[in-house]
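Colleague: Contents are compact mmCIF, C-alpha atoms; file name protein-v3.txt:
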```
# COMPACT_ATOMS: atom_id res chain seq x y z
CA MET A 446 52.18 55.82 191.58
CA THR A 447 54.37 52.76 191.71
CA PRO A 448 54.54 49.63 193.89
CA GLU A 449 54.73 50.69 197.53
CA TRP A 450 58.12 49.17 198.26
CA ILE A 451 59.95 51.31 195.75
CA ASP A 452 61.94 54.17 197.25
CA GLY A 453 63.75 55.70 194.32
CA GLY A 454 64.23 55.88 190.60
CA ALA A 455 67.37 53.78 190.40
CA GLU A 456 65.69 50.98 192.34
CA PHE A 457 62.61 51.03 190.16
CA ARG A 458 64.67 51.15 186.99
CA GLU A 459 66.75 48.17 188.06
CA PHE A 460 63.59 46.22 188.87
CA VAL A 461 62.09 46.95 185.47
CA PHE A 462 65.36 46.19 183.71
CA SER A 463 65.52 42.84 185.49
CA ALA A 464 61.96 42.13 184.39
CA HIS A 465 62.93 42.94 180.80
CA HIS A 466 65.91 40.61 181.17
CA GLU A 467 63.58 37.79 182.21
CA THR A 468 61.02 38.64 179.52
CA VAL A 469 63.57 37.93 176.80
CA ASN A 470 64.87 34.86 178.62
CA GLY A 471 68.19 36.57 179.24
CA ALA A 472 71.19 34.46 180.09
CA THR A 473 72.93 35.18 183.35
CA VAL A 474 76.21 33.51 182.55
CA GLY A 475 78.83 34.39 179.98
CA CYS A 476 81.42 37.03 179.30
CA GLY A 477 78.99 39.94 179.09
CA GLY A 478 80.10 40.96 175.63
CA ASP A 479 83.81 41.11 176.45
CA GLY A 480 85.85 41.57 173.28
CA ILE A 481 82.92 42.96 171.28
CA ASP A 482 82.71 46.52 169.96
CA ILE A 483 79.28 48.13 169.98
CA GLY A 484 78.59 51.37 168.12
CA ILE A 485 75.74 53.58 169.28
CA ILE A 486 74.60 56.32 166.91
CA ASP A 487 72.70 58.60 169.24
CA SER A 488 72.75 61.72 171.40
CA VAL A 489 75.73 60.85 173.59
CA TYR A 490 79.31 62.02 173.33
CA GLU A 491 80.20 61.39 176.93
CA LEU A 492 78.27 59.89 179.83
CA PRO A 493 78.56 60.63 183.57
CA GLU A 494 81.36 58.66 185.16
CA ALA A 495 78.93 56.98 187.51
CA LEU A 496 77.48 55.13 184.52
CA THR A 497 80.71 54.23 182.81
CA ALA A 498 83.21 53.70 185.63
CA GLU A 499 83.30 49.96 185.01
CA VAL A 500 82.62 50.05 181.28
CA ASP A 501 85.13 50.16 178.44
CA ILE A 502 84.44 53.31 176.43
CA ALA A 503 86.31 53.95 173.17
CA THR A 504 87.24 57.43 171.96
CA PRO A 505 83.90 59.09 171.16
CA HIS A 506 83.09 60.96 167.96
CA ARG A 507 80.90 63.99 167.46
CA PHE A 508 79.15 64.90 164.22
CA LEU A 509 77.16 67.89 165.42
CA ASP A 510 78.02 71.50 166.06
CA THR A 511 77.71 71.24 169.84
CA GLN A 512 79.85 70.87 172.93
CA ALA A 513 77.15 69.09 174.92
CA ALA A 514 78.12 65.78 176.46
CA GLN A 515 74.55 64.67 175.73
CA THR A 516 72.10 66.54 173.54
CA ARG A 517 69.23 64.54 175.06
CA PRO A 518 68.91 61.67 177.60
CA HIS A 519 67.90 59.27 174.82
CA GLY A 520 71.37 57.92 174.10
CA MET A 521 72.11 57.36 177.78
CA ARG A 522 68.96 55.29 178.06
CA VAL A 523 69.91 53.26 174.99
CA PHE A 524 73.32 52.63 176.56
CA GLN A 525 71.75 51.56 179.87
CA PHE A 526 69.66 48.94 178.11
CA THR A 527 72.54 47.59 176.07
CA SER A 528 74.98 47.51 178.94
CA LYS A 529 72.50 45.61 181.08
CA PHE A 530 73.08 42.67 178.75
CA ALA A 531 76.63 43.37 177.62
CA PRO A 532 78.39 45.19 180.48
CA HIS A 533 81.86 44.17 179.34
CA ALA A 534 81.64 45.19 175.69
CA THR A 535 83.54 48.20 174.37
CA TYR A 536 81.20 51.08 173.58
CA HIS A 537 81.70 53.58 170.76
CA PHE A 538 79.53 56.69 170.94
CA TYR A 539 78.74 58.58 167.74
CA GLN A 540 76.96 61.76 168.72
CA SER A 541 74.62 62.52 165.84
CA ILE A 542 71.19 63.22 167.33
CA GLY A 543 70.54 66.89 168.01
CA GLU A 544 68.50 68.53 170.73
CA ASP A 545 65.41 68.32 168.51
CA GLY A 546 65.69 64.53 168.28
CA SER A 547 66.60 64.39 164.62
CA ILE A 548 69.79 63.31 162.87
CA PRO A 549 71.17 65.43 160.04
CA ILE A 550 71.91 63.29 157.01
CA GLY A 551 75.58 64.32 157.03
CA ALA A 552 76.00 63.31 160.67
CA TYR A 553 74.28 60.01 159.95
CA GLU A 554 76.48 59.13 156.99
CA ASP A 555 79.66 60.23 158.77
CA ALA A 556 78.79 58.34 161.94
CA ILE A 557 78.25 55.09 160.07
CA GLU A 558 81.48 55.62 158.14
CA GLN A 559 83.34 56.17 161.41
CA ALA A 560 81.81 53.02 162.87
CA ILE A 561 83.06 51.10 159.84
CA GLN A 562 86.53 52.61 160.29
CA ASP A 563 86.46 51.73 163.99
CA GLY A 564 85.61 48.13 163.17
CA VAL A 565 82.59 47.84 165.42
CA ASP A 566 80.90 44.47 165.47
CA ILE A 567 77.35 45.69 166.12
CA LEU A 568 75.79 49.04 165.35
CA ASN A 569 72.66 50.24 167.17
CA ILE A 570 70.41 52.82 165.52
CA SER A 571 67.42 53.76 167.67
CA ALA A 572 65.97 56.15 165.13
CA GLY A 573 63.88 55.89 162.01
CA ASN A 574 62.28 57.61 159.06
CA ASP A 575 58.68 56.64 158.39
CA TRP A 576 58.38 57.93 154.83
CA ASP A 577 56.52 55.19 152.97
CA VAL A 578 58.69 54.72 149.90
CA PRO A 579 60.65 51.75 148.56
CA VAL A 580 63.79 51.20 150.56
CA ASP A 581 66.10 52.11 147.68
CA ALA A 582 64.49 55.57 147.44
CA ASP A 583 64.91 56.27 151.16
CA PRO A 584 67.95 58.38 152.04
CA TYR A 585 68.58 56.55 155.31
CA SER A 586 68.73 53.08 153.81
CA ARG A 587 71.91 53.36 151.78
CA LYS A 588 74.77 53.90 154.21
CA PRO A 589 73.79 51.02 156.53
CA GLN A 590 74.31 48.71 153.58
CA ASN A 591 77.98 49.72 153.55
CA ALA A 592 78.20 48.69 157.20
CA LEU A 593 76.47 45.37 156.48
CA SER A 594 78.89 44.74 153.62
CA GLU A 595 81.73 45.12 156.12
CA GLY A 596 80.22 42.42 158.31
CA ILE A 597 78.72 44.77 160.90
CA THR A 598 75.44 43.59 162.38
CA VAL A 599 73.04 46.54 162.29
CA ILE A 600 70.16 46.64 164.79
CA ALA A 601 67.47 49.27 164.29
CA ALA A 602 64.23 50.31 165.95
CA ALA A 603 61.26 49.33 163.80
CA GLY A 604 59.29 52.53 164.34
CA ASN A 605 56.58 54.00 166.57
CA TYR A 606 52.88 54.54 165.92
CA ASP A 607 51.45 57.41 167.95
CA ARG A 608 47.82 56.43 167.27
CA ILE A 609 47.35 59.25 164.82
CA PRO A 610 46.57 57.50 161.52
CA PRO A 611 47.96 56.45 159.21
CA GLN A 612 49.98 53.79 161.00
CA PRO A 613 53.51 54.13 159.64
CA PRO A 614 55.34 51.33 157.84
CA VAL A 615 58.49 49.79 159.24
CA ASN A 616 60.90 52.71 159.32
CA SER A 617 64.19 53.07 157.57
CA PRO A 618 66.88 51.92 158.27
CA ALA A 619 65.06 49.02 159.99
CA ALA A 620 63.37 48.17 156.68
CA VAL A 621 66.71 47.47 154.98
CA ASP A 622 66.91 43.80 154.05
CA GLU A 623 69.72 42.63 156.33
CA VAL A 624 69.14 45.10 159.18
CA VAL A 625 67.52 43.53 162.26
CA SER A 626 64.22 45.32 162.79
CA VAL A 627 63.05 45.38 166.41
CA GLY A 628 59.49 46.05 167.53
CA GLY A 629 58.02 46.36 171.00
CA VAL A 630 56.34 43.97 173.43
CA ILE A 631 54.57 44.49 176.74
CA THR A 632 54.30 41.66 179.25
CA THR A 633 51.16 42.21 181.28
CA CYS A 634 49.89 40.86 184.61
CA PRO A 635 46.24 40.44 185.62
CA GLU A 636 46.87 41.95 189.05
CA SER A 637 45.35 45.28 189.96
CA PRO A 638 47.64 48.18 190.78
CA ASP A 639 45.24 48.94 193.62
CA ALA A 640 46.20 45.70 195.37
CA PRO A 641 49.01 46.23 197.91
CA HIS A 642 52.45 45.30 196.66
CA THR A 643 54.77 45.80 199.58
CA THR A 644 57.31 42.99 199.25
CA PRO A 645 60.57 44.30 197.83
CA ASN A 646 61.48 43.03 194.38
CA GLN A 647 58.21 41.20 193.97
CA GLY A 648 54.97 41.92 192.24
CA PRO A 649 54.05 43.61 189.01
CA TYR A 650 55.12 47.08 188.02
CA TYR A 651 53.07 49.90 186.73
CA SER A 652 53.30 53.60 186.56
CA TYR A 653 50.80 56.30 186.07
CA GLU A 654 50.68 59.91 187.04
CA GLU A 655 47.55 61.54 188.33
CA ASP A 656 47.61 63.35 185.05
CA GLU A 657 47.30 60.22 182.95
CA SER A 658 47.38 62.18 179.71
CA SER A 659 51.10 62.67 180.29
CA ASP A 660 51.74 58.94 180.03
CA ASP A 661 52.18 57.12 176.77
CA PRO A 662 48.69 56.02 175.69
CA HIS A 663 49.89 52.53 174.91
CA VAL A 664 51.29 51.97 178.39
CA ALA A 665 49.17 54.09 180.76
CA ASN A 666 47.32 51.91 183.25
CA LYS A 667 48.96 48.72 182.05
CA VAL A 668 50.07 46.44 184.83
CA CYS A 669 53.26 44.74 183.74
CA CYS A 670 54.79 41.48 184.87
CA GLY A 671 57.74 41.98 187.19
CA GLN A 672 58.84 38.39 186.51
CA ASN A 673 59.34 37.72 190.19
CA GLY A 674 56.14 36.29 191.55
CA CYS A 675 53.26 38.65 192.12
CA MET A 676 50.44 36.89 193.87
CA ALA A 677 51.38 36.40 197.48
CA GLY A 678 54.49 34.53 196.50
CA ARG A 679 52.68 31.96 194.40
CA ASP A 680 54.11 30.91 191.07
CA CYS A 681 52.11 32.96 188.65
CA LEU A 682 54.10 32.96 185.42
CA SER A 683 51.19 31.32 183.65
CA ASN A 684 49.22 34.53 184.21
CA GLN A 685 51.60 36.68 182.22
CA THR A 686 50.72 37.68 178.69
CA HIS A 687 53.15 38.93 176.09
CA GLU A 688 51.40 41.43 173.87
CA PRO A 689 52.92 43.11 170.83
CA TRP A 690 53.06 46.82 171.65
CA GLU A 691 50.16 48.71 170.10
CA GLY A 692 52.63 51.36 169.02
CA ASN A 693 54.49 49.09 166.61
CA PRO A 694 54.47 50.08 162.93
CA ARG A 695 52.54 48.07 160.39
CA GLU A 696 54.54 45.41 158.62
CA SER A 697 54.86 46.88 155.19
CA ARG A 698 58.04 47.88 153.36
CA GLY A 699 59.80 45.51 155.73
CA ALA A 700 58.99 43.05 158.48
CA ILE A 701 59.41 43.34 162.23
CA ASP A 702 61.98 40.63 162.86
CA VAL A 703 61.67 40.32 166.62
CA LEU A 704 60.06 41.97 169.65
CA ALA A 705 61.63 43.20 172.88
CA PRO A 706 60.43 45.34 175.83
CA ILE A 707 59.94 49.07 175.33
CA GLN A 708 59.63 50.75 178.75
CA TYR A 709 62.29 52.93 180.35
CA PRO A 710 61.15 54.23 183.76
CA PHE A 711 62.25 57.68 184.84
CA GLU A 712 61.44 60.00 187.73
CA THR A 713 59.30 63.03 187.09
CA GLU A 714 59.77 66.43 188.69
CA SER A 715 56.75 65.74 190.90
CA GLY A 716 58.47 62.69 192.36
CA GLY A 717 56.40 60.18 190.44
CA PHE A 718 57.43 57.88 187.64
CA GLN A 719 56.70 57.70 183.99
CA PHE A 720 57.82 55.44 181.22
CA ASP A 721 59.74 56.71 178.26
CA VAL A 722 58.48 54.27 175.66
CA GLY A 723 59.39 53.24 172.16
CA THR A 724 61.15 50.80 169.92
CA SER A 725 64.21 52.99 170.57
CA PHE A 726 64.55 50.88 173.72
CA SER A 727 63.72 47.50 172.17
CA ALA A 728 66.61 47.69 169.74
CA PRO A 729 69.40 48.06 172.35
CA ILE A 730 68.12 44.99 174.19
CA VAL A 731 68.70 42.94 171.04
CA THR A 732 72.05 44.68 170.58
CA GLY A 733 73.13 43.76 174.10
CA VAL A 734 71.95 40.15 173.83
CA LEU A 735 73.75 39.72 170.54
CA ALA A 736 76.95 41.25 171.93
CA GLU A 737 76.86 38.82 174.80
CA ALA A 738 76.55 35.91 172.38
CA TYR A 739 79.26 37.27 170.09
CA GLY A 740 81.62 37.69 173.05
CA ASP A 741 81.22 34.07 174.07
CA ILE A 742 81.77 32.94 170.48
CA ARG A 743 85.03 34.88 170.24
CA HIS A 744 86.19 33.62 173.62
CA ALA A 745 85.62 30.07 172.40
CA GLY A 746 87.74 30.67 169.32
CA GLY A 747 84.87 31.04 166.90
CA GLU A 748 83.98 33.70 164.38
CA ILE A 749 80.98 35.92 164.80
CA PRO A 750 78.27 35.31 162.20
CA SER A 751 77.52 37.42 159.16
CA PRO A 752 74.73 39.99 159.52
CA ARG A 753 72.46 37.79 157.42
CA THR A 754 73.08 34.73 159.60
CA ALA A 755 72.63 36.73 162.78
CA LYS A 756 69.30 38.08 161.60
CA ALA A 757 68.08 34.66 160.47
CA THR A 758 69.06 33.12 163.80
CA ILE A 759 67.36 35.86 165.81
CA LYS A 760 64.14 35.16 163.90
CA GLU A 761 64.41 31.37 164.06
CA THR A 762 65.04 31.23 167.79
CA ALA A 763 62.45 33.84 168.80
CA MET A 764 59.46 32.71 170.87
CA PRO A 765 56.09 32.57 169.10
CA LEU A 766 53.35 34.51 170.85
CA ARG A 767 49.86 33.14 171.26
CA ASN A 768 47.63 34.19 168.35
CA GLN A 769 50.31 36.51 167.00
CA SER A 770 52.57 36.45 163.99
CA SER A 771 55.22 38.45 165.87
CA ARG A 772 57.84 36.65 167.91
CA LEU A 773 59.60 37.61 171.11
CA LEU A 774 63.38 37.65 171.47
CA ASP A 775 64.67 34.52 173.18
CA ALA A 776 68.14 35.42 174.37
CA TYR A 777 69.00 32.00 175.72
CA SER A 778 68.03 30.12 172.56
CA LEU A 779 69.69 32.71 170.35
CA LYS A 780 72.91 32.48 172.29
CA SER A 781 72.85 28.68 172.31
CA GLU A 782 72.17 28.44 168.59
CA LEU A 783 74.82 30.97 167.61
CA GLU A 784 77.42 29.38 169.84
CA ALA A 785 76.65 25.94 168.43
CA SER A 786 76.97 27.11 164.85
CA CYS A 787 79.83 29.60 165.19
CA THR A 788 82.30 27.97 167.55
CA PRO A 789 84.69 25.22 166.50
CA THR A 790 83.58 21.77 167.56
CA GLN A 791 86.06 19.82 169.68
CA PRO A 792 87.17 16.51 168.17
CA GLU A 793 85.78 13.53 170.03
CA ARG A 794 88.30 11.48 171.99
CA MET B 350 60.04 64.25 137.60
CA ALA B 351 61.46 62.51 140.67
CA GLU B 352 59.73 59.17 141.15
CA PHE B 353 59.13 59.77 144.88
CA VAL B 354 58.38 63.20 146.32
CA HIS B 355 58.00 63.60 150.08
CA PRO B 356 54.63 65.02 151.21
CA ASP B 357 56.33 68.07 152.76
CA ILE B 358 57.96 68.81 149.41
CA GLU B 359 54.62 68.38 147.66
CA ASP B 360 53.13 70.93 150.06
CA ALA B 361 55.90 73.38 149.35
CA LEU B 362 55.52 72.79 145.61
CA SER B 363 51.82 73.59 145.86
CA ASN B 364 52.23 76.61 148.11
CA PRO B 365 55.78 77.94 147.96
CA THR B 366 56.53 80.62 150.53
CA ALA B 367 58.19 83.64 148.98
CA GLY B 368 61.73 84.03 150.23
CA ALA B 369 61.72 80.73 152.12
CA SER B 370 64.22 78.03 151.43
CA MET B 371 64.61 74.44 152.54
CA THR B 372 67.36 71.88 152.68
CA VAL B 373 66.54 68.71 150.76
CA ILE B 374 68.10 65.33 150.09
CA LEU B 375 68.16 64.03 146.54
CA VAL B 376 68.48 60.26 146.26
CA LEU B 377 69.89 59.56 142.83
CA GLU B 378 69.77 56.84 140.24
CA LYS B 379 72.97 54.90 139.67
CA GLU B 380 75.75 56.91 138.03
CA ALA B 381 73.67 60.06 138.00
CA THR B 382 75.66 61.92 140.65
CA ALA B 383 78.05 63.86 138.42
CA GLY B 384 75.30 65.03 136.11
CA VAL B 385 73.00 66.09 138.94
CA VAL B 386 75.76 67.96 140.77
CA THR B 387 76.67 69.82 137.59
CA ALA B 388 73.04 70.71 136.95
CA VAL B 389 72.41 71.79 140.54
CA SER B 390 75.54 73.93 140.62
CA GLY B 391 74.29 75.91 137.64
CA MET B 392 70.80 76.56 139.00
CA ASP B 393 69.66 79.90 140.30
CA ARG B 394 68.69 79.99 144.02
CA VAL B 395 69.91 76.45 144.51
CA SER B 396 73.05 75.71 146.56
CA HIS B 397 74.85 72.41 146.47
CA ARG B 398 75.82 71.56 150.07
CA ARG B 399 77.31 68.11 149.91
CA THR B 400 77.63 64.97 147.82
CA PHE B 401 77.60 61.60 149.58
CA ASP B 402 79.30 58.43 148.40
CA THR B 403 75.90 56.74 148.60
CA GLU B 404 74.70 58.54 145.45
CA MET B 405 72.85 61.27 147.28
CA VAL B 406 73.13 65.04 147.26
CA LEU B 407 72.23 67.61 149.92
CA VAL B 408 70.92 70.84 148.47
CA GLU B 409 69.51 74.11 149.78
CA VAL B 410 66.80 75.48 147.54
CA SER B 411 64.33 78.34 147.46
CA GLU B 412 60.86 76.88 147.72
CA ASP B 413 59.86 78.46 144.42
CA ARG B 414 62.69 76.54 142.71
CA LEU B 415 61.74 73.11 144.06
CA ASP B 416 59.96 72.23 140.83
CA ALA B 417 63.21 72.58 138.91
CA LEU B 418 64.94 70.17 141.30
CA CYS B 419 62.12 67.65 141.07
CA ASN B 420 62.36 67.68 137.29
CA LEU B 421 66.08 66.98 137.15
CA SER B 422 67.01 63.81 135.32
CA GLY B 423 68.50 61.12 137.54
CA VAL B 424 66.66 62.07 140.75
CA LYS B 425 64.92 59.07 142.29
CA SER B 426 63.49 60.79 145.37
CA ILE B 427 63.43 64.16 147.05
CA SER B 428 62.76 64.69 150.74
CA PRO B 429 63.48 67.29 153.43
CA GLU B 430 66.61 67.07 155.55
CA GLY B 431 66.13 65.96 159.18
CA GLU B 432 63.46 63.28 158.79
CA LEU B 433 65.38 60.62 160.71
CA GLU B 434 64.20 60.86 164.31
CA ILE B 435 64.55 59.09 167.62
CA LEU B 436 61.85 56.51 168.33
CA ALA B 437 60.93 57.25 171.95
```
Could I get this file's structure written as structure tokens?
Modeller:
Amino acid sequence: MTPEWIDGGAEFREFVFSAHHETVNGATVGCGGDGIDIGIIDSVYELPEALTAEVDIATPHRFLDTQAAQTRPHGMRVFQFTSKFAPHATYHFYQSIGEDGSIPIGAYEDAIEQAIQDGVDILNISAGNDWDVPVDADPYSRKPQNALSEGITVIAAAGNYDRIPPQPPVNSPAAVDEVVSVGGVITTCPESPDAPHTTPNQGPYYSYEEDESSDDPHVANKVCCGQNGCMAGRDCLSNQTHEPWEGNPRESRGAIDVLAPIQYPFETESGGFQFDVGTSFSAPIVTGVLAEAYGDIRHAGGEIPSPRTAKATIKETAMPLRNQSSRLLDAYSLKSELEASCTPTQPER
Amino acid sequence: MAEFVHPDIEDALSNPTAGASMTVILVLEKEATAGVVTAVSGMDRVSHRRTFDTEMVLVEVSEDRLDALCNLSGVKSISPEGELEILA
């Protein structure tokens, strides 16, 4: 079930996306990533026109033996998150994820090489390997370093813990030193889902099927802040709580640099809703926010920062969470700080 | 012996399935690529698939020959192909 006012999947998704936007203190002004090239290594070669009609899409590349426009919906969902924040960026799709959800090593290496050749500014990798070995022994840690050396900011999902011990370490490539490692956060509301929520675009959001076992165990029955006033129109932001997602990996091998929301709502065959959940969806939020900031820097005549500077600034500007070592992405502060440090200052008159 | 052996490889080393093969990634020490490729190319029931510019080699190997691969000089780690997965 979902809040009563919701009629369809697109409406619910937009509401949740807007809540995510508010959760990370997203800016609502700027160029939307115009002039920035974003590479997405994922399952997409081509998306439906309805999704890309107003988006600049570069020539896609395929590194799998398939003719499928999408091998899975995963890449489309990653794109939807990123384009929420950077709708005017240029998107480069590198289809590398097969129907089974894995990336062959050859496709991975070739996709990153192509992204380097294409001169992307930011590369999103919503995939990981949880083998607990030093980074230099991990096969998925090496090629991203070539991209970093070329000045490409690499954003990667930190990893998922499915509650079956042992809790994995930060995955590779997120564990690579200069890669931005993104974990998950859930912003909860004390309201009950049983309370009526009939005012459009207000109230918390939640989603659970009658068969609760089909929902992600970390999200089932959570009532999440819709960021739009939930309690009879009263200001209730003080009631919201940002919680690191219980499915984050443990911080060994590498750190989780920043947190971002993890829920992607989709319609089920029974007409209900579920959340596709994971740090796969946190990473593209950071990618989109960064693209928006980079676009404004370029428009102001500045130079986008090095991957190391970008990562340091993301960490420095992130919001501390109560009683937590993890910090939540603060898009507004990140954008302000990067623009202040990367754009030329005007001489005083 | 490779310094780091993936648990799935360890399982196959302990209980190799007759006639079964697997595709593995060898992460190599610096400047070990040429020597490893030469060695792999001369091994029985081992097929060299690809060499990467990141000092790694992709190899198909019969499970009962995995021990020979693990004992090659210059191999830092050995793991199965396809371990990088989406996180949703």
Colleague: With a cut-off of 8 Å, could you pull out the residues of chain B touching chain A and give me the nearest pair of atoms for each, distance in Å to one decimal, using all atoms listed in the file, ordered by chain and ascending number, as JSON lines?
Modeller:
```
{"residue": "B:Phe353", "atom": "CA", "partner": "A:Val578", "partner_atom": "CA", "distance": 7.1}
{"residue": "B:His355", "atom": "CA", "partner": "A:Trp576", "partner_atom": "CA", "distance": 7.4}
{"residue": "B:Ile374", "atom": "CA", "partner": "A:Pro584", "partner_atom": "CA", "distance": 7.2}
{"residue": "B:Leu375", "atom": "CA", "partner": "A:Pro584", "partner_atom": "CA", "distance": 7.9}
{"residue": "B:Val376", "atom": "CA", "partner": "A:Pro584", "partner_atom": "CA", "distance": 6.1}
{"residue": "B:Phe401", "atom": "CA", "partner": "A:Glu554", "partner_atom": "CA", "distance": 7.9}
{"residue": "B:Thr403", "atom": "CA", "partner": "A:Arg587", "partner_atom": "CA", "distance": 6.1}
{"residue": "B:Met405", "atom": "CA", "partner": "A:Pro584", "partner_atom": "CA", "distance": 7.4}
{"residue": "B:Lys425", "atom": "CA", "partner": "A:Ala582", "partner_atom": "CA", "distance": 6.2}
{"residue": "B:Ser426", "atom": "CA", "partner": "A:Ala582", "partner_atom": "CA", "distance": 5.7}
{"residue": "B:Glu430", "atom": "CA", "partner": "A:Pro549", "partner_atom": "CA", "distance": 6.6}
{"residue": "B:Gly431", "atom": "CA", "partner": "A:Pro549", "partner_atom": "CA", "distance": 5.1}
{"residue": "B:Glu432", "atom": "CA", "partner": "A:Asn574", "partner_atom": "CA", "distance": 5.8}
{"residue": "B:Leu433", "atom": "CA", "partner": "A:Asn574", "partner_atom": "CA", "distance": 4.6}
{"residue": "B:Glu434", "atom": "CA", "partner": "A:Ser547", "partner_atom": "CA", "distance": 4.3}
{"residue": "B:Ile435", "atom": "CA", "partner": "A:Ala572", "partner_atom": "CA", "distance": 4.1}
{"residue": "B:Leu436", "atom": "CA", "partner": "A:Ser725", "partner_atom": "CA", "distance": 4.8}
{"residue": "B:Ala437", "atom": "CA", "partner": "A:Gly723", "partner_atom": "CA", "distance": 4.3}
```
Colleague: Write out as a list in words which residues come within 8 Å of Ala369 (chain B) when counting only C-alpha atoms, dropping same-chain ones fewer than 3 positions away.
Modeller: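 Listing them by chain and then by number gives Pro365, Thr366, Ser411 and Glu412 of chain B.
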Colleague: So how far away is CA of Pro710 (chain A) from CA of Pro765 (chain A), in Å?
Modeller: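 CA of Pro710 (chain A) lies at a distance of 26.6 Å from CA of Pro765 (chain A).
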Colleague: Calculate how many Å separate CA of Leu415 (chain B) from CA of Pro613 (chain A), rounding to one decimal.
Modeller: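 Between these atoms lies a distance of 25.9 Å.
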Colleague: CA of Asn364 (chain B) to CA of Leu407 (chain B): how many Å, to one decimal?
Modeller: 22.0 Å
Colleague: Rank nothing, just name the residue among A:Phe711, A:Gln685, A:Ala640, A:Gly484 nearest to Pro518 (chain A), using all atoms listed in the file.
Modeller: A:Phe711
Colleague: Which of these residues is nearest to Thr511 (chain A), using all atoms listed in the file: A:Gln525, A:Thr788, A:Ser637, A:Ser541?
Modeller: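 Closest to Thr511 (chain A) of all the choices is A:Ser541.
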Colleague: Hey, what's within 12 Å of Asn673 (chain A) if we count all atoms listed in the file and toss same-chain stuff fewer than 4 positions away? As a PyMOL selection string, please?
Modeller: chain A and resi 460-461+463-468+634+644-650+669+677-682+685
Colleague: What does the file look like for those residues with C-alpha atoms, as a CSV table (one decimal), in the coordinates of the input?
Modeller:
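Printed below is part-v1.csv as written:
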```csv
chain,number,residue,atom,x,y,z
A,460,PHE,CA,63.6,46.2,188.9
A,461,VAL,CA,62.1,47.0,185.5
A,463,SER,CA,65.5,42.8,185.5
A,464,ALA,CA,62.0,42.1,184.4
A,465,HIS,CA,62.9,42.9,180.8
A,466,HIS,CA,65.9,40.6,181.2
A,467,GLU,CA,63.6,37.8,182.2
A,468,THR,CA,61.0,38.6,179.5
A,634,CYS,CA,49.9,40.9,184.6
A,644,THR,CA,57.3,43.0,199.2
A,645,PRO,CA,60.6,44.3,197.8
A,646,ASN,CA,61.5,43.0,194.4
A,647,GLN,CA,58.2,41.2,194.0
A,648,GLY,CA,55.0,41.9,192.2
A,649,PRO,CA,54.0,43.6,189.0
A,650,TYR,CA,55.1,47.1,188.0
A,669,CYS,CA,53.3,44.7,183.7
A,677,ALA,CA,51.4,36.4,197.5
A,678,GLY,CA,54.5,34.5,196.5
A,679,ARG,CA,52.7,32.0,194.4
A,680,ASP,CA,54.1,30.9,191.1
A,681,CYS,CA,52.1,33.0,188.6
A,682,LEU,CA,54.1,33.0,185.4
A,685,GLN,CA,51.6,36.7,182.2
```
